[in-house]
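Q: One structure is given below, represented as structure tokens, and several questions about it will come after.
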Amino acid sequence: MSSDDPHCERVRPRGPLVGVGQVPGSKSIAQRCLVWSAAATGPSLLRGVTACGDVDSAVEAVRALG
């Protein structure tokens, strides 16, 4: 996407992000949350994650990243 794209918005960090969110159980949402938690600098706690093979594999991949 170019900077001229009206659907594109550049986001610049302004400091640490801290929060709590509750989302419905969903395999795709769980995997996205795992990716965000892997990118976080601090600890992350995900509750109510849908248990399935795909999510379990994503958890193992995130753990392998450290």
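In the structure tokens, chains take letters A, B, ... by order of appearance, with residues numbered from 1 within each chain and ligands from 1 in the order shown.
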Compile the contact shell of Pro43 (chain A) as a short mmCIF file (atom, residue, chain, number, x, y, z; two decimals) with all heavy atoms, in the first residue's frame: residues with an atom at most 12 Å away, counting only C-alpha atoms, same-chain residues fewer than 6 positions apart removed.
A:
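around.cif, freshly written:
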data_model
loop_
_atom_site.label_atom_id
_atom_site.label_comp_id
_atom_site.auth_asym_id
_atom_site.auth_seq_id
_atom_site.Cartn_x
_atom_site.Cartn_y
_atom_site.Cartn_z
N VAL A 18 -0.77 -1.26 27.19
CA VAL A 18 -1.21 -2.16 28.26
C VAL A 18 -2.73 -2.20 28.21
O VAL A 18 -3.38 -1.17 28.08
CB VAL A 18 -0.74 -1.65 29.64
CG1 VAL A 18 -1.25 -2.54 30.74
CG2 VAL A 18 0.76 -1.54 29.68
N LEU A 34 -2.03 -14.86 19.48
CA LEU A 34 -0.73 -15.49 19.72
C LEU A 34 0.38 -14.73 19.00
O LEU A 34 1.47 -14.53 19.56
CB LEU A 34 -0.75 -16.95 19.28
CG LEU A 34 -1.52 -17.89 20.20
CD1 LEU A 34 -1.79 -19.21 19.51
CD2 LEU A 34 -0.75 -18.10 21.50
N TRP A 36 0.36 -11.52 18.20
CA TRP A 36 0.54 -10.25 18.92
C TRP A 36 1.29 -10.48 20.23
O TRP A 36 2.14 -9.69 20.62
CB TRP A 36 -0.80 -9.57 19.19
CG TRP A 36 -1.29 -8.82 17.99
CD1 TRP A 36 -2.30 -9.20 17.16
CD2 TRP A 36 -0.78 -7.60 17.47
NE1 TRP A 36 -2.45 -8.27 16.16
CE2 TRP A 36 -1.53 -7.28 16.33
CE3 TRP A 36 0.24 -6.74 17.86
CZ2 TRP A 36 -1.29 -6.15 15.57
CZ3 TRP A 36 0.47 -5.60 17.11
CH2 TRP A 36 -0.29 -5.32 15.98
N SER A 37 0.98 -11.58 20.93
CA SER A 37 1.68 -11.84 22.19
C SER A 37 3.14 -12.15 21.94
O SER A 37 4.00 -11.80 22.75
CB SER A 37 1.00 -12.97 22.97
OG SER A 37 1.14 -14.20 22.30
N GLY A 66 10.58 -18.14 21.54
CA GLY A 66 11.12 -17.64 22.82
C GLY A 66 10.25 -16.60 23.38
O GLY A 66 10.45 -15.80 24.15
#
Q: Write out as a list in words which residues come within 10 Å of Ser28 (chain A) when counting only C-alpha atoms, dropping same-chain ones fewer than 6 positions away.
A: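 Skipping anything fewer than 6 positions along the chain leaves Leu34, Thr50, Asp54 and Val55 of chain A.
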Q: Looking only at the backbone, which of the residues in chain A does DSSP tag as alpha helix (DSSP H), as a list in words?
A: Lys27, Ser28, Ile29, Ala30, Gln31, Arg32, Cys33, Leu34, Val35, Trp36, Ser37, Ala38, Ala39, Gly53, Asp54, Val55, Asp56, Ser57, Ala58, Val59, Glu60, Ala61, Val62, Arg63, Ala64 and Leu65 of chain A
Q: Please compute the CA of Gly53 (chain A)-CA of Gly19 (chain A) distance, one decimal, in Å.
A: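 Atom-to-atom, CA of Gly53 (chain A) to CA of Gly19 (chain A), that is 27.9 Å.
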Q: For Leu65 (chain A), list every protein, DNA or RNA residue within 9 Å, evaluated using only C-alpha atoms, and leave out those in the same chain fewer than 4 positions away; present the list as a list in words.
A: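 Final neighbour list, sorted by chain and number: Ala38, Glu60 and Ala61 of chain A.
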Q: How many Å lie between CA of Gln22 (chain A) and CA of Val35 (chain A), rounded to one decimal?
A: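 The value is 16.2 Å.
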Q: From the options A:Leu45, A:Cys52, A:Val11, A:Ala58, which residue's atoms come nearest to Gln31 (chain A), counting only C-alpha atoms?
A: A:Ala58
Q: Residues within 10 Å of Leu17 (chain A), please, as a PyMOL selection string. Count only C-alpha atoms; anything in the same chain fewer than 2 positions from it doesn't count.
A: chain A and resi 13-15+19+40-41
Q: Mind giving me the straight-line distance from CA of Cys33 (chain A) to CA of Arg63 (chain A) in Å, one decimal?
A: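 Computing it gives 13.6 Å between the two atoms.
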